[in-house]
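Reading through the structure tokens given below for one structure.
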Amino acid sequence: MELLCRCVERAALRSGYDPEEARSASLQLMGSPVLQTGPHCLLLIEPDAFYTHLFSLLGLNAHGREWYVTYHASTVSFAEKAKKGPGWLWLEGEPLNVFGLPRSRMDSFSICALNGPYRFAFSNGKGETAPNDSAAHLLAELPSDEFTSGADAIRAANQTLWHDKLPSPIKLLQLDDFDIADLVADHLDDAGSWMSAGFIGDGKVAESILHAMDRLNIGPWQGWVRRTTDLFWRMEKGRIVPLRLQDNALRATCPDFEVKFRPDSIAAALRQRAIVPSLYTVFLVTSILPGVRALGGCRQTIYYPLMRYLTAIGLERSGDFDFLTEMREDDQPGLWGHRVLKPLNGNPFREIKLFRGAETPLETYAAMPLVQSSGDLASFISDPIWADLSGHIVSGAITLGSEEWQWSGS
């Protein structure tokens, strides 16, 4: 937790807050260990992100908190699917290219890649910059600077929008994957830490976790925690490339890359931005080890408890039974906190105007019952992986007593 608080302080200073403010952010996290891990690295005005942030503000206001600490995954491409993702924004019914990028860069480059410059453009299919009034208005509000990565640009834009358009006393703090890379490196710099001596160690603990992940994917939990990479990603000329743990080294084959599976080697590669943590490793250092409650999306309500199950296997393998006991006592590790507010025909531009008026939308949403505020629950009912899970529950292949579910906190 102390290492995570230092990470928060560094991120606050980088975001322009003074040292006293940065310290207050870390003290709040220590006293109220909750982290929003919902939307990917999206502009605040994107509906998925906007309504998630409103939901968090409801809780923060109710508890009198000063800071909103959020982690947004940035190891994603600009286009996650057709006309969706960090590189797209729909305004006035028109899909706009946030940075005016060609398709070759949209589909394969990661938004965290340091291969800029990036500038906001909001261009349409004809290449016209800011082709409608909403786009022109937004473009005028956002920083006109050039940024080394898309993630840096979005973080700066969100700070501007938060301060200028959502006049709230609550301060926004955004953590990204480079912040977490430095946090993992901090763990590994301490030879006596569990991450260094246990998790990395001689590689046996990490291998036990990866093998358990493979077992999950040949049974009824298939698809929830995928082994897309082994604990870290390789950063290669703007792309993220899977790594495989083989012969006590992390290796990529195209192009050839290798980093020894040793704490010092991995820490150096993280600080050099040669590698970045996988989602499992992110949750390990931001939530599971420090005991921070993670608010996330509908799938996270299943895959996060499974990540805790994998960690428990690693702790058993390393012989750290004291920490295993602490994990068992953490009975509310995660909650649904992304897309809880999903109003029909929601319009973030309209909501921002309401914030400037006498009545804020927060009061309206605070009075809503969950069944109304969460919309049609399409994230649950239209996702085939939930249908598969339902079938396994009906058949008895998955029960409340299933070994893999014992770390859900329920």
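Ligands are numbered from 1 in the order shown, chains are lettered A, B, ... in the order of the structure tokens, and residues start at 1 in each chain.
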
Any chance you could tabulate, as CSV, the residues of stretch 301-392 of chain A at most 6 Å from stretch 190-208 of chain A with each one's nearest atom pair and distance in Å to one decimal, using only C-alpha atoms, in chain and rising number order?
residue,atom,partner,partner_atom,distance
A:Gly314,CA,A:Val205,CA,5.2
A:Arg317,CA,A:Val205,CA,5.9
A:Ser318,CA,A:Gly198,CA,5.6

Which residues of stretch 62-99 of chain A have any atom within 9 Å of an atom in stretch 26-48 of chain A when counting only C-alpha atoms, and what is the closest pair of atoms for each, with the distance in Å to one decimal? Order the rows by chain and rising number and write it as a Markdown table.
| residue | atom | partner | partner_atom | distance |
| --- | --- | --- | --- | --- |
| A:Arg65 | CA | A:Gln28 | CA | 7.7 |
| A:Glu66 | CA | A:Gln28 | CA | 7.8 |
| A:Trp67 | CA | A:Gln28 | CA | 7.3 |
| A:Tyr68 | CA | A:Gln36 | CA | 8.1 |
| A:Val69 | CA | A:Leu35 | CA | 5.8 |
| A:Thr70 | CA | A:Gln36 | CA | 4.5 |
| A:Tyr71 | CA | A:Thr37 | CA | 5.0 |
| A:His72 | CA | A:His40 | CA | 4.8 |
| A:Ala73 | CA | A:His40 | CA | 4.8 |
| A:Ser74 | CA | A:Cys41 | CA | 5.4 |
| A:Thr75 | CA | A:Cys41 | CA | 8.8 |
| A:Val76 | CA | A:His40 | CA | 7.8 |
| A:Gly85 | CA | A:Leu42 | CA | 7.3 |
| A:Pro86 | CA | A:Leu42 | CA | 5.0 |
| A:Gly87 | CA | A:Leu42 | CA | 8.3 |
| A:Trp88 | CA | A:Glu46 | CA | 8.9 |
| A:Leu89 | CA | A:Glu46 | CA | 6.4 |
| A:Trp90 | CA | A:Glu46 | CA | 7.8 |

Sorted by chain and rising residue number, which residues of stretch 209-271 of chain A lie within 9 Å of stretch 105-117 of chain A, and what are their closest atom pairs and distances in Å to one decimal, counting only C-alpha atoms, as a tab-separated table?
residue	atom	partner	partner_atom	distance
A:Met235	CA	A:Ala113	CA	7.6
A:Glu236	CA	A:Ala113	CA	8.7
A:Lys237	CA	A:Asn115	CA	7.4
A:Gly238	CA	A:Ala113	CA	4.6
A:Arg239	CA	A:Phe109	CA	4.8
A:Ile240	CA	A:Ser110	CA	6.5

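Distances from A:Leu13, A:Pro263, A:Gly391, A:Met213 to A:Thr311 were compared using only C-alpha atoms, and the smallest one belongs to A:Met213.
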
Option closest in space to A:Val241, from A:Val276, A:Thr160, A:Ile218, A:Val340 [counting only C-alpha atoms]: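 Looking at the shortest contact to A:Val241, the residue is A:Val276.
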